[in-house]
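Asks: Here you go, this is query11.tsv (TSV, C-alpha atoms and all ligand atoms).
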chain	number	residue	atom	x	y	z
L	3	MET	CA	-17.02	-49.23	-18.38
L	4	SER	CA	-14.26	-47.71	-16.32
L	5	GLU	CA	-10.72	-48.85	-17.01
L	6	TYR	CA	-10.13	-48.71	-13.25
L	7	ALA	CA	-11.20	-51.30	-10.71
L	8	LEU	CA	-11.10	-48.68	-7.98
L	9	GLU	CA	-11.35	-44.92	-8.06
L	10	VAL	CA	-11.13	-43.07	-4.78
L	11	GLU	CA	-11.20	-39.29	-4.60
L	12	GLY	CA	-10.87	-37.09	-1.54
L	13	LEU	CA	-12.30	-39.80	0.67
L	14	VAL	CA	-12.96	-38.86	4.29
L	15	LYS	CA	-14.45	-40.88	7.10
L	16	GLU	CA	-15.01	-39.42	10.54
L	17	TYR	CA	-16.18	-41.44	13.50
L	18	ARG	CA	-17.99	-39.77	16.36
L	19	ARG	CA	-16.44	-40.80	19.62
L	20	ARG	CA	-16.11	-39.54	23.10
L	21	ASP	CA	-12.41	-38.86	23.15
L	22	PRO	CA	-11.46	-37.33	20.77
L	23	PRO	CA	-15.04	-36.43	19.86
L	24	LEU	CA	-14.36	-36.71	16.15
L	25	LEU	CA	-11.83	-39.10	14.75
L	26	ARG	CA	-10.72	-38.85	11.13
L	27	ALA	CA	-10.02	-42.46	10.29
L	28	VAL	CA	-9.67	-41.68	6.58
L	29	ASP	CA	-8.35	-38.25	5.80
L	30	GLY	CA	-8.66	-37.16	2.19
L	31	LEU	CA	-7.55	-40.31	0.48
L	32	SER	CA	-7.27	-40.44	-3.32
L	33	PHE	CA	-6.03	-43.29	-5.47
L	34	ARG	CA	-6.85	-45.39	-8.52
L	35	VAL	CA	-6.23	-49.04	-9.12
L	36	HIS	CA	-6.05	-50.71	-12.53
L	37	ARG	CA	-8.01	-53.85	-13.25
L	38	GLY	CA	-6.25	-57.15	-12.78
L	39	CYS	CA	-3.96	-55.73	-10.11
L	40	LEU	CA	-2.98	-57.27	-6.84
L	41	PHE	CA	-3.35	-54.13	-4.81
L	42	GLY	CA	-2.24	-53.88	-1.20
L	43	LEU	CA	-3.29	-51.36	1.41
L	44	LEU	CA	-0.42	-51.56	3.84
L	45	GLY	CA	-0.41	-49.87	7.21
L	46	PRO	CA	-0.13	-50.32	10.95
L	47	ASN	CA	-3.02	-50.89	13.30
L	48	GLY	CA	-5.46	-48.00	13.19
L	49	ALA	CA	-4.20	-46.62	9.86
L	50	GLY	CA	-7.69	-46.73	8.34
L	51	LYS	CA	-7.40	-49.88	6.21
L	52	THR	CA	-10.59	-51.55	7.35
L	53	THR	CA	-12.53	-48.29	7.19
L	54	THR	CA	-11.41	-47.76	3.59
L	55	LEU	CA	-12.32	-51.33	2.70
L	56	LYS	CA	-15.74	-51.03	4.31
L	57	ILE	CA	-16.50	-47.90	2.31
L	58	LEU	CA	-15.38	-49.57	-0.92
L	59	THR	CA	-17.57	-52.58	-0.21
L	60	THR	CA	-20.64	-50.38	0.56
L	61	LEU	CA	-20.76	-51.34	4.24
L	62	LEU	CA	-19.94	-47.86	5.50
L	63	ARG	CA	-20.91	-44.40	4.25
L	64	PRO	CA	-18.07	-41.96	3.71
L	65	THR	CA	-18.24	-38.56	5.41
L	66	ALA	CA	-17.00	-36.90	2.23
L	67	GLY	CA	-15.42	-37.76	-1.08
L	68	ARG	CA	-16.18	-40.36	-3.68
L	69	ALA	CA	-15.39	-44.01	-4.28
L	70	ALA	CA	-16.24	-46.21	-7.22
L	71	VAL	CA	-15.73	-49.89	-7.96
L	72	LEU	CA	-15.54	-50.73	-11.68
L	73	GLY	CA	-17.01	-47.31	-12.30
L	74	TYR	CA	-20.02	-47.85	-10.01
L	75	ASP	CA	-20.39	-45.35	-7.23
L	76	VAL	CA	-20.43	-47.08	-3.85
L	77	LEU	CA	-22.95	-44.64	-2.41
L	78	HIS	CA	-25.36	-44.31	-5.34
L	79	GLN	CA	-25.07	-47.74	-6.99
L	80	PRO	CA	-24.39	-50.08	-4.07
L	81	LEU	CA	-26.19	-53.05	-5.61
L	82	GLU	CA	-24.17	-52.81	-8.81
L	83	VAL	CA	-21.06	-52.82	-6.66
L	84	ARG	CA	-22.13	-55.71	-4.42
L	85	ARG	CA	-22.92	-57.92	-7.38
L	86	ARG	CA	-19.34	-57.60	-8.60
L	87	ILE	CA	-17.35	-58.11	-5.41
L	88	ALA	CA	-16.43	-60.84	-2.96
L	89	VAL	CA	-15.46	-59.65	0.52
L	90	VAL	CA	-13.54	-61.18	3.40
L	91	LEU	CA	-13.62	-58.92	6.43
L	92	GLN	CA	-11.91	-59.30	9.78
L	93	GLU	CA	-15.20	-60.03	11.53
L	94	THR	CA	-16.04	-63.23	9.74
L	95	ALA	CA	-19.40	-63.12	8.05
L	96	VAL	CA	-20.60	-66.68	7.94
L	97	ASP	CA	-24.07	-67.94	8.68
L	98	LEU	CA	-23.54	-69.62	12.03
L	99	PHE	CA	-26.61	-71.83	11.76
L	100	LEU	CA	-25.68	-73.28	8.40
L	101	SER	CA	-23.19	-76.05	7.81
L	102	VAL	CA	-19.90	-75.22	6.13
L	103	ARG	CA	-21.13	-76.80	2.90
L	104	ASP	CA	-24.42	-74.88	2.96
L	105	ASN	CA	-22.60	-71.64	3.71
L	106	LEU	CA	-20.61	-72.14	0.53
L	107	LEU	CA	-23.57	-73.33	-1.54
L	108	SER	CA	-25.77	-70.40	-0.58
L	109	TYR	CA	-22.95	-67.96	-1.31
L	110	ALA	CA	-22.45	-69.49	-4.76
L	111	ARG	CA	-26.18	-69.35	-5.46
L	112	PHE	CA	-26.33	-65.71	-4.30
L	113	HIS	CA	-23.71	-64.93	-6.91
L	114	GLY	CA	-25.83	-66.46	-9.63
L	115	LEU	CA	-24.30	-69.90	-10.13
L	116	ASP	CA	-26.81	-72.62	-11.03
L	117	ARG	CA	-27.34	-75.52	-8.69
L	118	TYR	CA	-25.02	-77.88	-10.55
L	119	GLU	CA	-22.18	-75.38	-10.84
L	120	ALA	CA	-22.61	-74.30	-7.21
L	121	ARG	CA	-22.25	-77.92	-6.07
L	122	ARG	CA	-19.29	-78.59	-8.32
L	123	ARG	CA	-17.37	-75.55	-7.11
L	124	THR	CA	-18.30	-76.09	-3.48
L	125	ALA	CA	-16.82	-79.58	-3.64
L	126	ARG	CA	-13.68	-78.12	-5.17
L	127	VAL	CA	-13.07	-75.42	-2.56
L	128	LEU	CA	-13.94	-77.79	0.30
L	129	GLU	CA	-11.05	-79.88	-0.86
L	130	GLN	CA	-8.71	-76.97	-1.67
L	131	PHE	CA	-9.22	-75.46	1.76
L	132	HIS	CA	-9.02	-78.75	3.66
L	133	LEU	CA	-12.58	-78.35	4.85
L	134	LEU	CA	-13.99	-81.73	3.80
L	135	GLU	CA	-13.82	-83.11	7.31
L	136	VAL	CA	-15.94	-80.31	8.72
L	137	ALA	CA	-18.21	-79.85	5.70
L	138	SER	CA	-21.33	-80.86	7.58
L	139	HIS	CA	-20.46	-79.06	10.82
L	140	LYS	CA	-22.44	-75.97	11.66
L	141	ALA	CA	-20.30	-72.85	11.35
L	142	MET	CA	-21.00	-71.96	14.98
L	143	ASP	CA	-19.23	-75.12	16.10
L	144	LEU	CA	-16.01	-74.19	14.31
L	145	SER	CA	-12.99	-72.43	15.74
L	146	GLY	CA	-12.42	-68.83	14.66
L	147	GLY	CA	-9.59	-69.95	12.41
L	148	LEU	CA	-11.74	-72.47	10.57
L	149	ARG	CA	-14.56	-69.98	10.15
L	150	ARG	CA	-12.12	-67.60	8.58
L	151	ARG	CA	-11.00	-70.34	6.23
L	152	VAL	CA	-14.60	-70.81	5.10
L	153	GLN	CA	-14.80	-67.09	4.51
L	154	VAL	CA	-11.63	-67.00	2.44
L	155	ALA	CA	-12.78	-70.08	0.47
L	156	LYS	CA	-15.79	-68.08	-0.75
L	157	VAL	CA	-13.52	-65.82	-2.78
L	158	PHE	CA	-12.49	-68.82	-4.89
L	159	LEU	CA	-16.01	-70.07	-5.28
L	160	VAL	CA	-17.27	-67.23	-7.44
L	161	ASP	CA	-16.03	-65.16	-10.35
L	162	THR	CA	-16.72	-61.64	-9.12
L	163	PRO	CA	-14.29	-59.34	-10.93
L	164	VAL	CA	-13.11	-57.70	-7.71
L	165	VAL	CA	-12.10	-59.36	-4.45
L	166	PHE	CA	-11.51	-57.62	-1.11
L	167	LEU	CA	-9.64	-59.29	1.74
L	168	ASP	CA	-9.04	-57.62	5.09
L	169	GLU	CA	-5.96	-59.08	6.78
L	170	PHE	CA	-6.88	-62.49	5.46
L	171	SER	CA	-3.81	-64.26	6.81
L	172	THR	CA	-4.41	-63.45	10.49
L	173	GLY	CA	-4.47	-66.69	12.43
L	174	MET	CA	-3.94	-68.79	9.32
L	175	ASP	CA	-1.32	-71.51	9.45
L	176	PRO	CA	1.71	-70.72	7.28
L	177	LEU	CA	1.16	-73.58	4.86
L	178	LEU	CA	-2.40	-72.62	4.08
L	179	LYS	CA	-1.41	-68.98	3.89
L	180	ARG	CA	1.10	-69.87	1.20
L	181	GLU	CA	-1.53	-71.82	-0.75
L	182	VAL	CA	-3.96	-68.92	-0.53
L	183	MET	CA	-1.29	-66.50	-1.69
L	184	ASP	CA	-0.56	-68.71	-4.69
L	185	ARG	CA	-4.24	-68.89	-5.52
L	186	LEU	CA	-4.68	-65.13	-5.22
L	187	ARG	CA	-1.85	-64.66	-7.68
L	188	LYS	CA	-3.57	-67.00	-10.12
L	189	GLU	CA	-6.86	-65.14	-9.71
L	190	ALA	CA	-5.12	-61.87	-10.57
L	191	ALA	CA	-3.47	-63.52	-13.57
L	192	ARG	CA	-6.99	-64.47	-14.74
L	193	GLY	CA	-7.88	-60.79	-14.66
L	194	ARG	CA	-9.56	-60.48	-11.27
L	195	THR	CA	-8.61	-57.46	-9.20
L	196	VAL	CA	-7.49	-58.41	-5.71
L	197	VAL	CA	-7.54	-55.73	-3.02
L	198	LEU	CA	-6.04	-56.71	0.28
L	199	THR	CA	-5.02	-55.04	3.50
L	200	THR	CA	-2.09	-56.09	5.62
L	201	GLN	CA	0.18	-54.88	8.40
L	202	ILE	CA	2.89	-57.22	7.24
L	203	LEU	CA	5.38	-55.68	4.87
L	204	SER	CA	6.72	-58.98	3.60
L	205	GLU	CA	3.22	-60.16	2.75
L	206	ALA	CA	2.57	-57.07	0.65
L	207	GLU	CA	6.01	-57.35	-0.92
L	208	GLU	CA	5.50	-60.95	-1.87
L	209	LEU	CA	1.97	-60.66	-3.14
L	210	CYS	CA	1.15	-57.19	-4.39
L	211	ASP	CA	2.21	-55.49	-7.59
L	212	ASP	CA	0.80	-52.17	-6.46
L	213	ILE	CA	1.01	-50.96	-2.88
L	214	LEU	CA	-0.32	-47.97	-1.00
L	215	ILE	CA	1.08	-47.25	2.42
L	216	LEU	CA	-1.54	-45.79	4.67
L	217	HIS	CA	-0.79	-43.90	7.85
L	218	ARG	CA	-3.38	-42.06	9.93
L	219	GLY	CA	-5.85	-42.20	7.09
L	220	ARG	CA	-3.48	-40.70	4.58
L	221	SER	CA	-1.38	-42.07	1.79
L	222	VAL	CA	2.29	-41.78	2.65
L	223	ALA	CA	3.68	-43.80	-0.23
L	224	ARG	CA	2.41	-45.51	-3.32
L	225	GLY	CA	4.10	-47.70	-5.84
L	226	ASP	CA	5.15	-51.08	-7.04
L	227	LEU	CA	7.46	-53.45	-5.27
L	228	ASN	CA	10.64	-51.78	-6.41
L	229	THR	CA	9.51	-48.40	-5.19
L	230	LEU	CA	8.71	-49.87	-1.83
L	231	LYS	CA	12.05	-51.61	-1.66
L	232	LEU	CA	13.75	-48.30	-2.24
L	233	LEU	CA	11.90	-46.94	0.76
L	234	SER	CA	13.24	-49.63	3.01
L	235	LYS	CA	16.68	-49.59	1.48
L	236	ASP	CA	19.39	-48.46	3.84
L	237	VAL	CA	17.24	-48.63	6.94
L	238	TYR	CA	18.59	-51.18	9.39
L	239	GLU	CA	17.61	-52.34	12.82
L	240	LEU	CA	20.20	-53.23	15.38
L	241	SER	CA	19.37	-55.10	18.60
L	242	LEU	CA	22.03	-55.40	21.26
L	243	THR	CA	22.01	-56.76	24.77
L	244	PHE	CA	24.97	-55.82	26.92
L	245	ALA	CA	26.16	-57.59	30.05
L	246	VAL	CA	26.35	-54.08	31.55
L	247	LEU	CA	24.99	-51.07	29.69
L	248	PRO	CA	27.92	-48.73	28.84
L	249	ALA	CA	27.64	-45.30	30.43
L	250	GLY	CA	26.53	-42.48	28.14
L	251	ILE	CA	25.41	-44.81	25.37
L	252	ARG	CA	22.04	-43.10	24.91
L	253	GLU	CA	23.59	-39.68	24.26
L	254	GLU	CA	26.12	-41.26	21.93
L	255	LEU	CA	23.53	-43.09	19.88
L	256	GLU	CA	21.22	-40.10	19.75
L	257	GLN	CA	24.00	-38.25	17.95
L	258	LEU	CA	23.51	-40.65	15.04
L	259	ALA	CA	19.96	-39.27	14.54
L	260	PRO	CA	18.39	-42.70	14.61
L	261	VAL	CA	14.96	-43.42	13.10
L	262	ARG	CA	14.13	-45.06	16.40
L	263	LEU	CA	15.99	-45.67	19.63
L	264	ALA	CA	14.79	-47.66	22.61
L	265	ILE	CA	16.88	-48.60	25.60
L	266	ARG	CA	15.46	-50.95	28.21
L	267	ASN	CA	17.55	-52.42	31.00
L	268	ASN	CA	20.64	-53.68	29.22
L	269	SER	CA	19.08	-53.86	25.77
L	270	VAL	CA	19.34	-51.36	22.97
L	271	GLU	CA	17.15	-51.28	19.87
L	272	ILE	CA	18.18	-48.79	17.27
L	273	ALA	CA	17.00	-48.21	13.71
L	274	LEU	CA	19.20	-46.21	11.40
L	275	ARG	CA	19.17	-44.94	7.88
L	276	ALA	CA	22.70	-45.70	6.81
L	277	GLU	CA	24.66	-47.91	4.48
L	278	GLU	CA	24.95	-51.51	5.58
L	279	SER	CA	28.72	-51.25	6.01
L	280	ARG	CA	28.30	-48.31	8.37
L	281	VAL	CA	25.73	-50.16	10.43
L	282	LEU	CA	28.04	-53.16	10.73
L	283	GLU	CA	30.90	-50.86	11.68
L	284	LEU	CA	28.74	-49.40	14.42
L	285	ALA	CA	27.88	-52.88	15.67
L	286	ARG	CA	31.58	-53.74	15.82
L	287	ALA	CA	32.40	-50.51	17.65
L	288	LEU	CA	29.70	-51.18	20.23
L	289	ALA	CA	30.90	-54.74	20.70
L	290	ARG	CA	34.36	-53.40	21.55
L	291	ARG	CA	32.90	-51.12	24.21
L	292	ALA	CA	31.35	-53.73	26.46
L	293	GLN	CA	30.57	-57.40	26.63
L	294	LEU	CA	27.67	-58.27	24.36
L	295	LEU	CA	25.22	-61.04	25.19
L	296	HIS	CA	23.24	-60.68	22.01
L	297	LEU	CA	23.57	-58.87	18.69
L	298	GLU	CA	21.27	-58.84	15.72
L	299	VAL	CA	21.17	-56.74	12.56
L	300	ARG	CA	18.06	-56.78	10.44
L	301	GLY	CA	16.59	-54.95	7.46
L	302	ALA	CA	14.05	-52.34	8.35
L	303	SER	CA	10.71	-53.31	9.77
L	304	LEU	CA	7.49	-51.73	8.63
L	305	GLU	CA	7.48	-49.69	11.80
L	306	ASP	CA	10.83	-48.10	10.97
L	307	ILE	CA	9.77	-47.32	7.44
L	308	PHE	CA	6.68	-45.64	8.77
L	309	ILE	CA	8.56	-43.53	11.22
L	310	GLU	CA	11.04	-42.61	8.56
L	311	LEU	CA	8.34	-41.78	6.02
L	312	THR	CA	6.24	-39.70	8.34
L	313	ARG	CA	9.29	-37.95	9.70
L	314	SER	CA	10.51	-36.98	6.24
L	315	ALA	CA	6.99	-35.78	5.43
L	316	GLY	CA	7.60	-33.17	8.12
L	317	GLY	CA	4.54	-33.99	10.16
L	318	PRO	CA	4.38	-34.41	13.90
L	319	PRO	CA	6.02	-37.59	15.20
L	320	PRO	CA	3.62	-40.52	14.82
L	321	GLU	CA	2.31	-42.45	17.76
L	322	ALA	CA	4.11	-45.76	17.95
L	323	PRO	CA	2.29	-48.05	15.53
L	324	SER	CA	1.63	-51.45	17.02
L	325	VAL	CA	2.92	-53.59	14.18
Y	1	LIG	N1	-16.81	-47.93	14.52
Y	1	LIG	C1	-15.85	-47.12	14.94
Y	1	LIG	N2	-16.11	-46.13	15.81
Y	1	LIG	C2	-15.14	-45.29	16.23
Y	1	LIG	N3	-13.86	-45.35	15.83
Y	1	LIG	C3	-13.52	-46.33	14.97
Y	1	LIG	C4	-14.50	-47.26	14.48
Y	1	LIG	N4	-13.87	-48.12	13.63
Y	1	LIG	C5	-12.58	-47.74	13.60
Y	1	LIG	N5	-12.36	-46.68	14.39
Y	1	LIG	C6	-11.08	-45.97	14.56
Y	1	LIG	O1	-10.66	-45.50	13.30
Y	1	LIG	C7	-9.25	-45.65	13.12
Y	1	LIG	C8	-8.97	-46.52	11.91
Y	1	LIG	O2	-9.46	-47.82	12.16
Y	1	LIG	P1	-9.40	-48.99	11.10
Y	1	LIG	O3	-9.97	-48.50	9.81
Y	1	LIG	O4	-10.04	-50.17	11.71
Y	1	LIG	O5	-7.82	-49.18	10.94
Y	1	LIG	P2	-6.98	-50.46	10.48
Y	1	LIG	O6	-7.91	-51.42	9.81
Y	1	LIG	O7	-5.93	-49.92	9.57
Y	1	LIG	O8	-6.39	-51.04	11.73
Y	1	LIG	C9	-8.73	-46.25	14.42
Y	1	LIG	O9	-8.25	-45.20	15.22
Y	1	LIG	C10	-9.97	-46.88	15.03
Y	1	LIG	O10	-9.87	-46.91	16.44
Y	2	MG	MG	-8.31	-53.38	10.21
Using structure tokens, write down the structure that the file contains.
Ligand SMILES: Nc1ncnc2c1ncn2[C@@H]1O[C@H](COP(=O)(O)OP(=O)(O)O)[C@@H](O)[C@H]1O
Ligand SMILES: [Mg+2]
Replies:
Amino acid sequence: MSEYALEVEGLVKEYRRRDPPLLRAVDGLSFRVHRGCLFGLLGPNGAGKTTTLKILTTLLRPTAGRAAVLGYDVLHQPLEVRRRIAVVLQETAVDLFLSVRDNLLSYARFHGLDRYEARRRTARVLEQFHLLEVASHKAMDLSGGLRRRVQVAKVFLVDTPVVFLDEFSTGMDPLLKREVMDRLRKEAARGRTVVLTTQILSEAEELCDDILILHRGRSVARGDLNTLKLLSKDVYELSLTFAVLPAGIREELEQLAPVRLAIRNNSVEIALRAEESRVLELARALARRAQLLHLEVRGASLEDIFIELTRSAGGPPPEAPSV
């Protein structure tokens, strides 16, 4: 059996659309992921995360290239793949006509657990995911957030060696999100491979030991936490609101070759690659120029890192990612 949980080689996915007629959502992606990893596909909206995940989980055919899960080709051995994965997609796949409990039971049975074990584990995840109160409600009567919770609970019901989660934390309350993150870590420690997508840098930082940054269907960076931290090191965001915007400030700030600069009314947002002390010095200098109503200095956001990464890659300037 393959030593890799995932092997992706030259993967391409094109969607036929009206405008543009052909969209390359995944554009020659290649990567490998070791077993037992918490692997994160990190990227802004439209980067190609869901498309990649759908190909890996046999839900979508690639236009070109190859992908394998635990050595099984997703195109030629889809059943072998499906038997070994649990998937949580953005569109929640729950059986709307079944109760929460029966949704979980039938999922456990599908994955080969006997009736006793299916019941035992269902009771456990109902409790873990605070779903006992709604256990006998039909899924169609639940809010979107609760349905999603049922979907995520399924991952912890079965022992499939690989787990895929597409932006699992969207709409989840922070407390539960934390619990799920803890559980995912434990699953990885038990040897399961967890593959997740996220737009949230801090989520990937906190959870993943191997991260691939995806932008326009391509890999722009890959590495562990420390590598990623180096990418965001020395990029700072400065937000300022002036009582009256000083004249000529745009030209002045543009001279600093900022990663990003936006000026709206009396507010300035600027992202810079510079040492922290220099950024603070700049903030002080600006504060001396005019009365400031608001000042904030932050570490770089994902958006800044993207702009910085794609800029240094020498490509055309990216469209503003909606992070
Ligand atoms: N079924 C589809 N038909 C046409 N275009 C699509 C379809 N699904 C996704 N896309 C486009 O492909 C690109 C990547 O989408 P997606 O994989 O969903 O990105 P992400 O999950 O990172 O937000 C986007 O530009 C999106 O609009
Ligand atoms: Mg998506």
Asks: Dump the neighbourhood of ligand LIG 1 (chain Y) as an NGL selection string: all residues within 12 Å, distances computed on all atoms listed in the file.
Replies: :L and (14-29 or 43-57 or 61-63 or 91-93 or 167-170 or 198-202 or 215-221 or 321 or 323-325)
Asks: I need the residues from that last selection saved to file as a short mmCIF file (atom, residue, chain, number, x, y, z; two decimals), in the frame of the given file (with C-alpha atoms), if you can.
Replies:
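Saved the output as part.cif:
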data_model
loop_
_atom_site.label_atom_id
_atom_site.label_comp_id
_atom_site.auth_asym_id
_atom_site.auth_seq_id
_atom_site.Cartn_x
_atom_site.Cartn_y
_atom_site.Cartn_z
CA VAL L 14 -12.96 -38.86 4.29
CA LYS L 15 -14.45 -40.88 7.10
CA GLU L 16 -15.01 -39.42 10.54
CA TYR L 17 -16.18 -41.44 13.50
CA ARG L 18 -17.99 -39.77 16.36
CA ARG L 19 -16.44 -40.80 19.62
CA ARG L 20 -16.11 -39.54 23.10
CA ASP L 21 -12.41 -38.86 23.15
CA PRO L 22 -11.46 -37.33 20.77
CA PRO L 23 -15.04 -36.43 19.86
CA LEU L 24 -14.36 -36.71 16.15
CA LEU L 25 -11.83 -39.10 14.75
CA ARG L 26 -10.72 -38.85 11.13
CA ALA L 27 -10.02 -42.46 10.29
CA VAL L 28 -9.67 -41.68 6.58
CA ASP L 29 -8.35 -38.25 5.80
CA LEU L 43 -3.29 -51.36 1.41
CA LEU L 44 -0.42 -51.56 3.84
CA GLY L 45 -0.41 -49.87 7.21
CA PRO L 46 -0.13 -50.32 10.95
CA ASN L 47 -3.02 -50.89 13.30
CA GLY L 48 -5.46 -48.00 13.19
CA ALA L 49 -4.20 -46.62 9.86
CA GLY L 50 -7.69 -46.73 8.34
CA LYS L 51 -7.40 -49.88 6.21
CA THR L 52 -10.59 -51.55 7.35
CA THR L 53 -12.53 -48.29 7.19
CA THR L 54 -11.41 -47.76 3.59
CA LEU L 55 -12.32 -51.33 2.70
CA LYS L 56 -15.74 -51.03 4.31
CA ILE L 57 -16.50 -47.90 2.31
CA LEU L 61 -20.76 -51.34 4.24
CA LEU L 62 -19.94 -47.86 5.50
CA ARG L 63 -20.91 -44.40 4.25
CA LEU L 91 -13.62 -58.92 6.43
CA GLN L 92 -11.91 -59.30 9.78
CA GLU L 93 -15.20 -60.03 11.53
CA LEU L 167 -9.64 -59.29 1.74
CA ASP L 168 -9.04 -57.62 5.09
CA GLU L 169 -5.96 -59.08 6.78
CA PHE L 170 -6.88 -62.49 5.46
CA LEU L 198 -6.04 -56.71 0.28
CA THR L 199 -5.02 -55.04 3.50
CA THR L 200 -2.09 -56.09 5.62
CA GLN L 201 0.18 -54.88 8.40
CA ILE L 202 2.89 -57.22 7.24
CA ILE L 215 1.08 -47.25 2.42
CA LEU L 216 -1.54 -45.79 4.67
CA HIS L 217 -0.79 -43.90 7.85
CA ARG L 218 -3.38 -42.06 9.93
CA GLY L 219 -5.85 -42.20 7.09
CA ARG L 220 -3.48 -40.70 4.58
CA SER L 221 -1.38 -42.07 1.79
CA GLU L 321 2.31 -42.45 17.76
CA PRO L 323 2.29 -48.05 15.53
CA SER L 324 1.63 -51.45 17.02
CA VAL L 325 2.92 -53.59 14.18
#
Asks: Which of these residues is nearest to L:Gly114, using all atoms listed in the file: L:Arg187, L:Arg291, L:Arg286, L:Arg86?
Replies: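 Smallest distance to L:Gly114 is found for L:Arg86.
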Asks: I want to know what sits within 12 Å of L:Arg111, based on all atoms listed in the file, with residues of the same chain fewer than 3 positions away left out; could you give that as a list of chain:residue names?
Replies: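 My list of contacting residues is L:Asp104, L:Asn105, L:Leu106, L:Leu107, L:Ser108, L:Gly114, L:Leu115, L:Asp116, L:Arg117, L:Tyr118, L:Glu119, L:Ala120, L:Arg121, L:Arg122, L:Arg123, L:Thr124, L:Lys156, L:Leu159, L:Val160.
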Asks: Here is a test: counting all atoms listed in the file, which residue of L:Val71, L:Arg280, L:Leu77, L:Glu9 is nearest to L:Leu258?
Replies: L:Arg280
Asks: Using all atoms listed in the file for the distances, tell me which of L:Val152, L:Val182, L:Leu40, L:Val90 is nearest to ligand MG 2 (chain Y).
Replies: L:Val90
Asks: Would you compute the distance between atom CA of L:Val246 and atom CA of L:Asn268? Give it in Å to one decimal.
Replies: 6.2 Å
Asks: Go ahead and compute the interatomic distance for atom CA of L:Arg151 and atom CA of L:Phe131, in Å to one decimal.
Replies: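 Here the two named atoms are 7.0 Å from each other.
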